[in-house]
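Asker: This one is coords.txt, compact mmCIF, C-alpha atoms.
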```txt
# COMPACT_ATOMS: atom_id res chain seq x y z
CA MET H 17 18.85 96.94 95.55
CA LEU H 18 17.21 96.06 92.26
CA ARG H 19 19.24 97.02 89.21
CA LEU H 20 17.45 97.73 85.97
CA GLN H 21 17.96 94.81 83.57
CA SER H 22 19.06 96.40 80.33
CA ALA H 23 18.97 94.90 76.86
CA PHE H 24 20.18 95.71 73.35
CA LEU H 25 18.11 95.82 70.18
CA PHE H 26 20.27 95.97 67.07
CA ASP H 27 19.57 97.19 63.60
CA LEU H 28 21.40 95.01 61.05
CA ASP H 29 22.55 96.82 57.87
CA GLY H 30 25.18 99.48 58.63
CA THR H 31 25.09 98.59 62.32
CA LEU H 32 26.40 95.01 62.46
CA ILE H 33 27.00 94.39 58.74
CA ASP H 34 28.91 96.65 56.34
CA SER H 35 26.19 96.56 53.70
CA VAL H 36 24.68 100.05 53.39
CA TYR H 37 26.57 101.25 50.32
CA GLN H 38 25.85 98.01 48.47
CA HIS H 39 22.14 98.35 49.31
CA VAL H 40 22.19 101.98 48.16
CA LEU H 41 23.70 101.16 44.76
CA ALA H 42 21.41 98.13 44.38
CA TRP H 43 18.41 100.45 44.85
CA HIS H 44 19.95 102.96 42.43
CA GLU H 45 20.24 100.20 39.83
CA ALA H 46 16.68 98.96 40.49
CA LEU H 47 15.32 102.49 40.09
CA ALA H 48 17.29 103.09 36.87
CA ASN H 49 15.80 99.86 35.55
CA GLU H 50 12.37 101.46 36.02
CA HIS H 51 13.64 104.68 34.42
CA ILE H 52 13.47 106.48 37.75
CA GLU H 53 16.40 108.88 38.15
CA LEU H 54 17.23 109.65 41.76
CA SER H 55 20.58 110.90 43.08
CA VAL H 56 22.46 108.26 45.03
CA TRP H 57 22.80 110.39 48.20
CA ARG H 58 19.01 110.77 48.39
CA ILE H 59 18.65 106.98 48.35
CA HIS H 60 21.32 106.71 51.07
CA ARG H 61 19.38 109.13 53.26
CA LYS H 62 16.19 107.02 52.96
CA ILE H 63 17.69 103.55 53.40
CA GLY H 64 16.34 101.78 56.47
CA MET H 65 12.87 103.23 56.05
CA SER H 66 9.93 100.94 55.54
CA GLY H 67 9.20 100.02 51.92
CA GLY H 68 5.93 101.95 52.02
CA LEU H 69 7.56 105.15 53.22
CA PHE H 70 10.37 104.64 50.71
CA ALA H 71 7.74 104.47 47.96
CA ASN H 72 6.06 107.63 49.28
CA MET H 73 9.44 109.35 49.25
CA LEU H 74 9.94 108.30 45.63
CA LEU H 75 6.53 109.67 44.79
CA ARG H 76 7.33 112.96 46.51
CA GLU H 77 10.88 113.44 45.21
CA THR H 78 10.36 112.27 41.64
CA GLY H 79 6.74 113.31 41.12
CA LEU H 80 6.04 109.87 39.63
CA ALA H 81 3.11 107.66 40.44
CA ILE H 82 4.48 104.45 41.92
CA GLU H 83 1.97 101.63 41.45
CA PRO H 84 2.10 98.48 43.65
CA GLU H 85 3.30 96.34 40.71
CA ARG H 86 6.19 98.72 40.18
CA ILE H 87 7.09 98.55 43.89
CA ASP H 88 7.15 94.76 43.60
CA ARG H 89 9.41 94.90 40.55
CA LEU H 90 11.69 97.40 42.33
CA GLN H 91 11.99 95.15 45.38
CA GLN H 92 12.77 92.11 43.26
CA HIS H 93 15.34 93.96 41.19
CA HIS H 94 16.92 95.40 44.35
CA ALA H 95 17.19 91.94 45.94
CA ALA H 96 18.86 90.56 42.80
CA ALA H 97 21.22 93.55 42.44
CA TYR H 98 22.15 93.31 46.14
CA LYS H 99 22.81 89.58 45.84
CA ARG H 100 25.34 90.28 43.07
CA ARG H 101 27.26 92.51 45.53
CA ILE H 102 27.04 90.21 48.55
CA ALA H 103 30.55 88.75 48.14
CA HIS H 104 31.88 92.15 49.25
CA VAL H 105 29.61 92.40 52.32
CA HIS H 106 31.17 91.53 55.69
CA PRO H 107 30.45 92.03 59.40
CA LEU H 108 31.57 95.43 60.71
CA PRO H 109 34.67 95.52 62.97
CA GLY H 110 33.74 94.42 66.46
CA ALA H 111 30.25 93.21 65.56
CA LYS H 112 30.84 89.54 66.33
CA ALA H 113 32.86 90.35 69.45
CA LEU H 114 30.12 92.66 70.73
CA LEU H 115 27.39 90.04 70.29
CA SER H 116 29.56 87.36 71.92
CA PHE H 117 30.29 89.66 74.83
CA LEU H 118 26.58 90.28 75.44
CA THR H 119 25.77 86.57 75.16
CA ASP H 120 28.58 85.63 77.59
CA ALA H 121 27.51 88.36 80.02
CA GLU H 122 23.90 87.10 79.79
CA ILE H 123 22.69 90.49 78.64
CA PRO H 124 19.63 89.99 76.42
CA TRP H 125 19.89 91.15 72.82
CA ALA H 126 17.87 90.89 69.64
CA ILE H 127 17.95 92.03 66.02
CA ALA H 128 15.29 94.24 64.45
CA THR H 129 15.75 95.05 60.76
CA SER H 130 13.75 96.80 58.05
CA GLY H 131 15.14 94.21 55.66
CA ARG H 132 13.37 91.02 54.71
CA MET H 133 14.48 87.55 55.76
CA GLU H 134 15.59 86.90 52.16
CA THR H 135 18.44 89.43 52.39
CA ALA H 136 18.86 89.48 56.19
CA GLY H 137 19.34 85.70 56.45
CA PRO H 138 22.77 85.51 54.77
CA ALA H 139 23.94 88.55 56.78
CA MET H 140 23.01 86.83 60.03
CA GLU H 141 24.94 83.75 58.93
CA THR H 142 28.16 85.75 58.43
CA LEU H 143 27.63 87.15 61.95
CA GLY H 144 27.20 83.67 63.38
CA VAL H 145 23.82 84.53 64.92
CA ASP H 146 22.16 81.43 66.40
CA LEU H 147 18.60 81.84 65.16
CA SER H 148 17.35 79.24 67.65
CA ARG H 149 18.40 81.49 70.55
CA VAL H 150 18.35 85.07 69.25
CA PRO H 151 15.06 86.82 68.50
CA VAL H 152 15.18 88.33 65.00
CA VAL H 153 12.36 90.60 63.85
CA THR H 154 12.36 91.35 60.12
CA ARG H 155 10.17 93.55 57.96
CA ASP H 156 8.02 90.54 57.08
CA LEU H 157 6.81 90.23 60.67
CA VAL H 158 5.39 93.69 61.47
CA LYS H 159 2.88 95.96 59.76
CA TYR H 160 4.94 99.17 59.88
CA ALA H 161 8.74 99.45 59.67
CA LYS H 162 11.05 102.25 60.84
CA PRO H 163 10.64 105.07 61.75
CA ASP H 164 7.55 103.45 63.22
CA PRO H 165 8.57 101.77 66.49
CA ASP H 166 6.94 98.39 65.75
CA LEU H 167 10.12 96.44 64.89
CA PHE H 168 11.84 97.43 68.13
CA LEU H 169 8.68 96.95 70.22
CA ALA H 170 8.30 93.43 68.81
CA ALA H 171 11.96 92.64 69.49
CA ALA H 172 11.69 93.80 73.13
CA GLU H 173 8.53 91.75 73.56
CA ARG H 174 10.28 88.67 72.19
CA LEU H 175 13.00 89.22 74.82
CA GLY H 176 10.39 89.73 77.54
CA ILE H 177 12.02 93.05 78.48
CA ASP H 178 10.30 96.40 78.86
CA ILE H 179 11.20 98.58 75.87
CA SER H 180 12.09 101.48 78.15
CA ALA H 181 14.98 99.39 79.53
CA CYS H 182 16.39 98.83 76.03
CA PHE H 183 19.13 100.47 74.03
CA VAL H 184 18.35 100.63 70.33
CA VAL H 185 21.60 100.50 68.34
CA GLY H 186 21.39 101.75 64.77
CA ASP H 187 23.21 103.66 62.05
CA SER H 188 20.41 105.77 60.57
CA VAL H 189 18.20 108.64 61.66
CA TRP H 190 15.25 106.27 61.16
CA ASP H 191 16.59 104.01 63.92
CA MET H 192 17.05 106.95 66.28
CA LEU H 193 13.55 108.31 65.53
CA ALA H 194 11.99 104.86 65.99
CA ALA H 195 13.88 104.54 69.29
CA GLN H 196 12.40 107.82 70.50
CA ARG H 197 8.91 106.76 69.50
CA ALA H 198 9.39 103.45 71.31
CA ARG H 199 10.72 105.27 74.41
CA ALA H 200 14.02 103.42 74.18
CA LEU H 201 17.44 105.08 74.21
CA GLY H 202 19.01 105.34 70.76
CA VAL H 203 22.71 104.61 70.35
CA GLY H 204 24.10 105.63 66.97
CA VAL H 205 27.00 104.19 65.00
CA LEU H 206 28.72 106.03 62.14
CA SER H 207 29.32 102.83 60.18
CA GLY H 208 26.30 103.36 57.93
CA GLY H 209 27.88 106.52 56.54
CA TYR H 210 25.65 109.14 58.15
CA GLY H 211 27.13 112.15 59.91
CA LEU H 212 27.53 112.34 63.69
CA GLU H 213 25.33 115.42 63.92
CA GLU H 214 22.51 113.86 61.89
CA LEU H 215 22.28 111.06 64.44
CA GLU H 216 22.52 113.41 67.40
CA ARG H 217 19.80 115.63 65.98
CA ALA H 218 17.59 112.55 65.58
CA GLY H 219 17.90 111.96 69.31
CA ALA H 220 20.90 109.65 69.75
CA TYR H 221 21.84 109.29 73.42
CA ARG H 222 25.42 108.39 72.38
CA VAL H 223 27.18 107.93 69.05
CA PHE H 224 30.12 105.57 68.46
CA GLU H 225 32.14 104.94 65.31
CA ASP H 226 31.23 101.27 64.93
CA PRO H 227 30.49 98.13 67.00
CA ALA H 228 34.18 97.85 67.97
CA GLN H 229 34.17 101.28 69.58
CA LEU H 230 30.78 100.63 71.20
CA LEU H 231 32.18 97.45 72.78
CA LYS H 232 35.13 99.40 74.21
CA HIS H 233 32.64 101.75 75.89
CA ILE H 234 30.03 99.12 76.80
CA ASP H 235 30.26 99.89 80.53
CA GLU H 236 29.01 103.40 79.76
CA LEU H 237 25.79 101.71 78.65
CA GLY H 238 25.41 99.87 81.93
CA ALA H 239 26.83 96.52 80.79
CA ARG H 240 29.51 95.50 83.28
CA ARG H 241 32.30 93.18 82.20
CA MET X 149 31.65 151.69 40.81
CA LEU X 150 33.83 148.63 40.41
CA ARG X 151 32.12 145.32 41.25
CA LEU X 152 34.17 142.34 42.29
CA GLN X 153 34.36 139.84 39.44
CA SER X 154 33.49 136.52 40.97
CA ALA X 155 34.23 133.07 39.62
CA PHE X 156 33.38 129.45 40.40
CA LEU X 157 35.81 126.59 40.87
CA PHE X 158 34.06 123.21 40.86
CA ASP X 159 35.03 119.89 42.29
CA LEU X 160 33.84 117.08 39.99
CA ASP X 161 32.88 113.82 41.76
CA GLY X 162 29.86 114.28 44.02
CA THR X 163 29.59 117.93 43.02
CA LEU X 164 28.76 117.83 39.30
CA ILE X 165 28.72 114.05 38.75
CA ASP X 166 26.84 111.47 40.83
CA SER X 167 29.87 109.20 41.19
CA VAL X 168 30.94 109.18 44.85
CA TYR X 169 29.32 105.90 45.91
CA GLN X 170 30.69 104.09 42.86
CA HIS X 171 34.19 105.43 43.64
CA VAL X 172 33.80 104.35 47.27
CA LEU X 173 32.86 100.77 46.39
CA ALA X 174 35.56 100.63 43.68
CA TRP X 175 38.14 101.55 46.37
CA HIS X 176 36.61 98.99 48.73
CA GLU X 177 37.02 96.33 46.05
CA ALA X 178 40.59 97.41 45.25
CA LEU X 179 41.52 97.27 48.95
CA ALA X 180 39.90 93.84 49.40
CA ASN X 181 41.96 92.66 46.44
CA GLU X 182 45.07 93.60 48.45
CA HIS X 183 43.58 91.90 51.53
CA ILE X 184 43.09 95.27 53.22
CA GLU X 185 39.85 95.32 55.20
CA LEU X 186 38.48 98.80 55.73
CA SER X 187 34.86 99.71 56.50
CA VAL X 188 33.11 101.34 53.57
CA TRP X 189 32.07 104.46 55.52
CA ARG X 190 35.74 105.17 56.37
CA ILE X 191 36.59 105.10 52.66
CA HIS X 192 33.66 107.43 51.96
CA ARG X 193 34.96 109.91 54.51
CA LYS X 194 38.42 109.99 52.85
CA ILE X 195 37.32 110.16 49.19
CA GLY X 196 38.48 113.35 47.50
CA MET X 197 41.76 113.41 49.40
CA SER X 198 45.01 113.24 47.51
CA GLY X 199 46.33 109.75 46.82
CA GLY X 200 49.27 110.34 49.15
CA LEU X 201 47.09 111.36 52.07
CA PHE X 202 44.72 108.50 51.29
CA ALA X 203 47.69 106.11 51.57
CA ASN X 204 48.75 107.70 54.87
CA MET X 205 45.21 107.26 56.14
CA LEU X 206 45.33 103.57 55.16
CA LEU X 207 48.60 103.23 56.99
CA ARG X 208 47.15 104.89 60.08
CA GLU X 209 43.77 103.16 60.15
CA THR X 210 44.89 99.67 59.18
CA GLY X 211 48.37 99.66 60.70
CA LEU X 212 49.71 98.18 57.44
CA ALA X 213 52.79 99.31 55.60
CA ILE X 214 51.66 100.54 52.21
CA GLU X 215 54.57 100.36 49.75
CA PRO X 216 54.57 102.46 46.55
CA GLU X 217 54.05 99.34 44.39
CA ARG X 218 50.97 98.49 46.38
CA ILE X 219 49.62 102.04 45.96
CA ASP X 220 50.11 101.66 42.20
CA ARG X 221 48.24 98.35 42.17
CA LEU X 222 45.45 99.87 44.29
CA GLN X 223 45.08 102.80 41.92
CA GLN X 224 44.98 100.54 38.88
CA HIS X 225 42.46 98.18 40.46
CA HIS X 226 40.32 101.14 41.56
CA ALA X 227 40.31 102.61 38.04
CA ALA X 228 39.25 99.25 36.58
CA ALA X 229 36.58 98.65 39.25
CA TYR X 230 35.23 102.19 38.75
CA LYS X 231 35.12 101.72 34.99
CA ARG X 232 32.88 98.66 35.47
CA ARG X 233 30.39 100.88 37.32
CA ILE X 234 30.52 103.86 34.96
CA ALA X 235 27.32 102.97 33.09
CA HIS X 236 25.41 103.97 36.24
CA VAL X 237 27.23 107.30 36.67
CA HIS X 238 25.39 110.42 35.49
CA PRO X 239 25.55 114.20 35.94
CA LEU X 240 23.84 115.42 39.11
CA PRO X 241 20.50 117.24 38.73
CA GLY X 242 21.10 120.82 37.61
CA ALA X 243 24.81 120.36 36.90
CA LYS X 244 24.61 120.95 33.15
CA ALA X 245 22.12 123.81 33.59
CA LEU X 246 24.35 125.47 36.19
CA LEU X 247 27.43 125.34 33.97
CA SER X 248 25.43 126.63 30.97
CA PHE X 249 24.05 129.46 33.04
CA LEU X 250 27.53 130.56 34.11
CA THR X 251 28.85 130.32 30.54
CA ASP X 252 25.90 132.33 29.17
CA ALA X 253 26.28 134.94 31.93
CA GLU X 254 30.02 135.18 31.15
CA ILE X 255 30.92 134.26 34.72
CA PRO X 256 34.27 132.45 34.68
CA TRP X 257 34.34 128.86 35.93
CA ALA X 258 36.77 125.97 36.03
CA ILE X 259 37.00 122.41 37.30
CA ALA X 260 39.52 121.23 39.90
CA THR X 261 39.44 117.54 40.77
CA SER X 262 41.51 115.15 42.86
CA GLY X 263 40.77 112.53 40.21
CA ARG X 264 43.06 111.77 37.31
CA MET X 265 42.29 112.59 33.68
CA GLU X 266 41.75 108.86 33.02
CA THR X 267 38.58 108.76 35.16
CA ALA X 268 37.67 112.47 35.01
CA GLY X 269 37.66 112.59 31.20
CA PRO X 270 34.53 110.47 30.64
CA ALA X 271 32.73 112.40 33.43
CA MET X 272 33.46 115.67 31.71
CA GLU X 273 32.11 114.28 28.45
CA THR X 274 28.75 113.42 30.04
CA LEU X 275 28.63 116.99 31.38
CA GLY X 276 29.33 118.39 27.92
CA VAL X 277 32.34 120.39 29.15
CA ASP X 278 34.18 122.01 26.24
CA LEU X 279 37.80 121.26 27.14
CA SER X 280 39.04 123.84 24.62
CA ARG X 281 37.36 126.62 26.63
CA VAL X 282 37.10 125.42 30.24
CA PRO X 283 40.22 125.12 32.42
CA VAL X 284 40.34 121.68 34.01
CA VAL X 285 42.96 120.96 36.67
CA THR X 286 43.33 117.27 37.53
CA ARG X 287 45.45 115.45 40.08
CA ASP X 288 48.08 114.81 37.42
CA LEU X 289 48.86 118.53 37.12
CA VAL X 290 49.70 119.57 40.70
CA LYS X 291 52.06 118.26 43.34
CA TYR X 292 49.60 118.17 46.25
CA ALA X 293 45.88 117.47 46.05
CA LYS X 294 43.09 118.38 48.50
CA PRO X 295 43.00 119.39 51.30
CA ASP X 296 46.06 121.23 50.02
CA PRO X 297 44.87 124.28 48.12
CA ASP X 298 47.01 123.71 45.00
CA LEU X 299 44.24 122.40 42.71
CA PHE X 300 42.02 125.40 43.35
CA LEU X 301 44.92 127.89 43.19
CA ALA X 302 45.93 126.46 39.82
CA ALA X 303 42.35 126.65 38.54
CA ALA X 304 42.00 130.31 39.58
CA GLU X 305 45.32 131.11 37.93
CA ARG X 306 44.17 129.45 34.71
CA LEU X 307 41.10 131.71 34.81
CA GLY X 308 43.25 134.77 35.57
CA ILE X 309 41.10 135.56 38.60
CA ASP X 310 42.30 136.24 42.13
CA ILE X 311 41.52 133.19 44.29
CA SER X 312 39.96 135.39 46.98
CA ALA X 313 37.23 136.33 44.49
CA CYS X 314 36.35 132.67 43.86
CA PHE X 315 33.71 130.37 45.21
CA VAL X 316 34.92 126.81 45.60
CA VAL X 317 31.99 124.41 45.14
CA GLY X 318 32.50 120.92 46.53
CA ASP X 319 30.81 118.02 48.29
CA SER X 320 33.47 116.97 50.79
CA VAL X 321 35.12 118.40 53.87
CA TRP X 322 38.41 118.23 51.91
CA ASP X 323 37.04 120.75 49.41
CA MET X 324 35.90 123.08 52.18
CA LEU X 325 39.24 122.83 54.00
CA ALA X 326 41.17 123.41 50.76
CA ALA X 327 38.94 126.43 50.08
CA GLN X 328 39.82 127.90 53.48
CA ARG X 329 43.52 127.34 52.91
CA ALA X 330 43.24 129.02 49.51
CA ARG X 331 41.31 131.95 51.04
CA ALA X 332 38.32 131.24 48.79
CA LEU X 333 34.75 130.85 50.00
CA GLY X 334 33.60 127.24 50.17
CA VAL X 335 30.11 126.33 48.98
CA GLY X 336 29.04 122.83 49.95
CA VAL X 337 26.63 120.45 48.23
CA LEU X 338 25.07 117.43 49.94
CA SER X 339 25.14 115.34 46.76
CA GLY X 340 28.33 113.52 47.75
CA GLY X 341 26.53 112.00 50.73
CA TYR X 342 28.17 113.94 53.56
CA GLY X 343 26.09 115.55 56.28
CA LEU X 344 25.21 119.25 56.28
CA GLU X 345 26.93 119.83 59.60
CA GLU X 346 30.16 118.15 58.49
CA LEU X 347 30.44 120.66 55.65
CA GLU X 348 29.52 123.62 57.83
CA ARG X 349 32.09 122.61 60.43
CA ALA X 350 34.71 122.42 57.68
CA GLY X 351 33.99 126.08 56.92
CA ALA X 352 31.29 126.08 54.22
CA TYR X 353 29.94 129.57 53.63
CA ARG X 354 26.69 128.07 52.32
CA VAL X 355 25.44 124.52 51.75
CA PHE X 356 22.95 123.49 49.05
CA GLU X 357 21.44 120.09 48.29
CA ASP X 358 22.86 119.77 44.79
CA PRO X 359 23.74 121.85 41.70
CA ALA X 360 20.03 122.32 40.91
CA GLN X 361 19.39 123.99 44.26
CA LEU X 362 22.60 126.04 43.98
CA LEU X 363 21.43 127.35 40.60
CA LYS X 364 18.09 128.41 42.10
CA HIS X 365 20.00 130.44 44.69
CA ILE X 366 22.81 131.65 42.40
CA ASP X 367 22.00 135.32 42.99
CA GLU X 368 22.86 134.79 46.66
CA LEU X 369 26.40 134.09 45.43
CA GLY X 370 26.57 137.36 43.53
CA ALA X 371 25.77 135.99 40.08
CA ARG X 372 22.96 138.06 38.63
CA ARG X 373 20.67 136.59 35.99
```
Since I need it in another form, could you write the structure as structure tokens?
Answerer:
Amino acid sequence: MLRLQSAFLFDLDGTLIDSVYQHVLAWHEALANEHIELSVWRIHRKIGMSGGLFANMLLRETGLAIEPERIDRLQQHHAAAYKRRIAHVHPLPGAKALLSFLTDAEIPWAIATSGRMETAGPAMETLGVDLSRVPVVTRDLVKYAKPDPDLFLAAAERLGIDISACFVVGDSVWDMLAAQRARALGVGVLSGGYGLEELERAGAYRVFEDPAQLLKHIDELGARR
Amino acid sequence: MLRLQSAFLFDLDGTLIDSVYQHVLAWHEALANEHIELSVWRIHRKIGMSGGLFANMLLRETGLAIEPERIDRLQQHHAAAYKRRIAHVHPLPGAKALLSFLTDAEIPWAIATSGRMETAGPAMETLGVDLSRVPVVTRDLVKYAKPDPDLFLAAAERLGIDISACFVVGDSVWDMLAAQRARALGVGVLSGGYGLEELERAGAYRVFEDPAQLLKHIDELGARR
């Protein structure tokens, strides 16, 4: 009997790397630098969106016109402010073990992140991701980021696996919504700081605390040890 | 006919002041300084607890023995790390307007915070709280902090109002649980970064986005304009 080959597509920030709160405060600082006042929790709730949608959200929630030059300045300031915080950013518990387990079990996996290679690169280094073997799709490589499904579709294609056989693992509602649009199953983790119910309401098939707990339950996702 | 005199007891961080994420990362830094690795989202979920319970949580979630001297060092490092971030901490939208409205309408209100006067003092200054008129109960003044009800009970006593006539406004599940134990009604705000459902499950009577939205709906809490 043919068993369905399953695969895992991982978001990066908040899912494998404990970086969400640093990104949130880096955006808060970048916005303040442009004299844009936005409550920190509202930024947290939008993190992981594409830059374009993030700008539209700013426009909607602040009533300000956000010109392309300003977006560029914001992104540059964010990258610099994040870099200043990077010494405190580490892999989440279980992240490295989970990726090693999948590699050893020959279960295909890839990374699909709304971040750009500039900030995602160092994160992947701390995880020990072998970029010559693991497909990594960053924001730079697709036209639309989450909650559009493009990042995950591209990652599945790079693996040569049908998207409907993939689990999309992410920490934000944007990951879970993108998973639904891609017809993958979304698996949520709480390590990005969102509530359990937010992820469930966005369509999560299962929610775990972090990669360590996901690994403990990996057989429930069809990956046999 | 006698109408019930209602009153408002406010938490500070995340409820009136946009300071939760800075506190979270200041704790993360203080813990790293003691070589205690704890995911940032777990710290976020425990913020607003009493220091003693926070230490018990550390003990439970890290398996480390946390001696009193270490707690002292942690608290000092946290205060210093928070102070470095204070330039980016501002009142939440609507916070000053809400407090002014209550003062003008002669509706009694007080502040009850798990923080210590050292960090709460500057926050209250940015809010323009007149400490000669407004009762402020800080962690220094009661034996047990949230989710024990002592802070809110002390604040109601200082106002001379029965606790069961008070609304407790807070951003965390610890505020909502303390409100239940005090037999007050808990009103949640999302501005501390917790999910709506988390607050509802902890017993919130109503949940608003932030002080600005609460003020718009203040007549639903019995305060007539």
Asker: Provide the CA of Gly341 (chain X) to CA of Asp166 (chain X) distance in Å, to one decimal place.
Answerer: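 So the two atoms, CA of Gly341 (chain X) and CA of Asp166 (chain X), lie 9.9 Å apart.
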Asker: Check which residues of chain H sit at most 8 Å from chain X using all atoms listed in the file, and return one row each with the closest pair of atoms and their distance in Å to one decimal, ordered by chain and rising number, as a Markdown table.
Answerer:
```
| residue | atom | partner | partner_atom | distance |
| --- | --- | --- | --- | --- |
| H:Asp34 | CA | X:Ser187 | CA | 6.7 |
| H:Tyr37 | CA | X:Tyr169 | CA | 7.0 |
| H:Gln38 | CA | X:Leu173 | CA | 7.8 |
| H:Leu41 | CA | X:Tyr169 | CA | 7.4 |
| H:Glu45 | CA | X:His236 | CA | 7.3 |
| H:Ser55 | CA | X:Asp166 | CA | 6.7 |
| H:Val56 | CA | X:Asp166 | CA | 6.9 |
| H:Trp57 | CA | X:Gly341 | CA | 4.8 |
| H:Arg58 | CA | X:Ser339 | CA | 7.8 |
| H:His60 | CA | X:Gly341 | CA | 7.4 |
| H:His104 | CA | X:Glu177 | CA | 7.4 |
| H:Leu108 | CA | X:Ser187 | CA | 6.8 |
| H:Pro109 | CA | X:Ser187 | CA | 7.7 |
| H:Leu206 | CA | X:Trp189 | CA | 7.6 |
| H:Ser207 | CA | X:Trp189 | CA | 5.7 |
| H:Gly208 | CA | X:Trp189 | CA | 6.3 |
| H:Gly209 | CA | X:Trp189 | CA | 4.8 |
| H:Tyr210 | CA | X:Gly343 | CA | 6.7 |
| H:Gly211 | CA | X:Gly343 | CA | 5.1 |
| H:Glu213 | CA | X:Glu345 | CA | 6.4 |
| H:Glu214 | CA | X:Gly343 | CA | 6.9 |
```
Asker: Please provide as a list of chain:residue names all residues within 7 Å of region 184-192 of chain H, with the sequence filter that same-chain residues fewer than 4 positions apart are discarded (counting all atoms listed in the file).
Answerer: H:Phe24, H:Leu25, H:Phe26, H:Asp27, H:Gly30, H:Thr31, H:Gly64, H:Met65, H:Lys162, H:Pro163, H:Gln196, H:Ala200, H:Leu201, H:Gly202, H:Val203, H:Gly204, H:Val205, H:Leu206, H:Ser207, H:Gly208, H:Tyr210, H:Glu214, H:Leu215, H:Ala218, H:Gly219, H:Ala220
Asker: Keeping only C-alpha atoms, write those residues as an mmCIF file, in the coordinates of the input.
Answerer:
```cif
data_model
loop_
_atom_site.group_PDB
_atom_site.id
_atom_site.type_symbol
_atom_site.label_atom_id
_atom_site.label_comp_id
_atom_site.auth_asym_id
_atom_site.auth_seq_id
_atom_site.Cartn_x
_atom_site.Cartn_y
_atom_site.Cartn_z
ATOM 1 C CA PHE H 24 20.180 95.710 73.350
ATOM 2 C CA LEU H 25 18.110 95.820 70.180
ATOM 3 C CA PHE H 26 20.270 95.970 67.070
ATOM 4 C CA ASP H 27 19.570 97.190 63.600
ATOM 5 C CA GLY H 30 25.180 99.480 58.630
ATOM 6 C CA THR H 31 25.090 98.590 62.320
ATOM 7 C CA GLY H 64 16.340 101.780 56.470
ATOM 8 C CA MET H 65 12.870 103.230 56.050
ATOM 9 C CA LYS H 162 11.050 102.250 60.840
ATOM 10 C CA PRO H 163 10.640 105.070 61.750
ATOM 11 C CA GLN H 196 12.400 107.820 70.500
ATOM 12 C CA ALA H 200 14.020 103.420 74.180
ATOM 13 C CA LEU H 201 17.440 105.080 74.210
ATOM 14 C CA GLY H 202 19.010 105.340 70.760
ATOM 15 C CA VAL H 203 22.710 104.610 70.350
ATOM 16 C CA GLY H 204 24.100 105.630 66.970
ATOM 17 C CA VAL H 205 27.000 104.190 65.000
ATOM 18 C CA LEU H 206 28.720 106.030 62.140
ATOM 19 C CA SER H 207 29.320 102.830 60.180
ATOM 20 C CA GLY H 208 26.300 103.360 57.930
ATOM 21 C CA TYR H 210 25.650 109.140 58.150
ATOM 22 C CA GLU H 214 22.510 113.860 61.890
ATOM 23 C CA LEU H 215 22.280 111.060 64.440
ATOM 24 C CA ALA H 218 17.590 112.550 65.580
ATOM 25 C CA GLY H 219 17.900 111.960 69.310
ATOM 26 C CA ALA H 220 20.900 109.650 69.750
#
```
Asker: What is the distance between CA of Leu362 (chain X) and CA of Asp288 (chain X), in Å to one decimal?
Answerer: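 Distance between the two atoms: 28.6 Å.
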Asker: Can you tell me, as lines of an AutoDock Vina configuration file, the centre and edge lengths (Å, one decimal) of the axis-aligned box enclosing all of region 186-195 of chain H's listed atoms after padding each side by 6 Å?
Answerer:
```
center_x = 17.6
center_y = 105.2
center_z = 64.9
size_x = 23.2
size_y = 18.9
size_z = 20.7
```
Asker: Find the residues near Ala245 (chain X): any atom within 10 Å, counting only C-alpha atoms, skip ones fewer than 3 places away on the same chain, and give them as a ChimeraX atom specification.
Answerer: /X:241-242,248-251,275,359-360,363
Asker: Could you tell me which of X:Ala330, X:Leu206, X:Ala260, X:Ile366 comes closest to Pro297 (chain X) if we count all atoms listed in the file?
Answerer: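 Among the listed residues, the smallest separation from Pro297 (chain X) belongs to X:Ala330.
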Asker: Ranking X:Ile309, X:Met265, X:Leu279, X:Ala203 by minimum distance to Ile219 (chain X) and counting only C-alpha atoms, which one comes first?
Answerer: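 Nearest to Ile219 (chain X): X:Ala203.
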Asker: For Arg149 (chain H), please output as an mmCIF file with C-alpha atoms, in the coordinates of the input all residues within 12 Å (counting only C-alpha atoms; exclusion window: fewer than 2 positions along the same chain).
Answerer:
```cif
data_model
loop_
_atom_site.group_PDB
_atom_site.id
_atom_site.type_symbol
_atom_site.label_atom_id
_atom_site.label_comp_id
_atom_site.auth_asym_id
_atom_site.auth_seq_id
_atom_site.Cartn_x
_atom_site.Cartn_y
_atom_site.Cartn_z
ATOM 1 C CA THR H 119 25.770 86.570 75.160
ATOM 2 C CA PRO H 124 19.630 89.990 76.420
ATOM 3 C CA TRP H 125 19.890 91.150 72.820
ATOM 4 C CA ALA H 126 17.870 90.890 69.640
ATOM 5 C CA ILE H 127 17.950 92.030 66.020
ATOM 6 C CA GLY H 144 27.200 83.670 63.380
ATOM 7 C CA VAL H 145 23.820 84.530 64.920
ATOM 8 C CA ASP H 146 22.160 81.430 66.400
ATOM 9 C CA LEU H 147 18.600 81.840 65.160
ATOM 10 C CA PRO H 151 15.060 86.820 68.500
ATOM 11 C CA VAL H 152 15.180 88.330 65.000
ATOM 12 C CA ARG H 174 10.280 88.670 72.190
ATOM 13 C CA LEU H 175 13.000 89.220 74.820
#
```
Asker: Just give me the gap between CA of Ala228 (chain X) and CA of Arg101 (chain H) in Å, one decimal is fine.
Answerer: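 A separation of 16.4 Å between them.
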Asker: At most 8 Å from (47.6, 116.5, 46.1), file frame, only C-alpha atoms: which residues, as JSON, numbers by chain?
Answerer: {"X": [197, 198, 199, 200, 201, 262, 287, 290, 291, 292, 293, 294, 295, 296, 298, 299]}
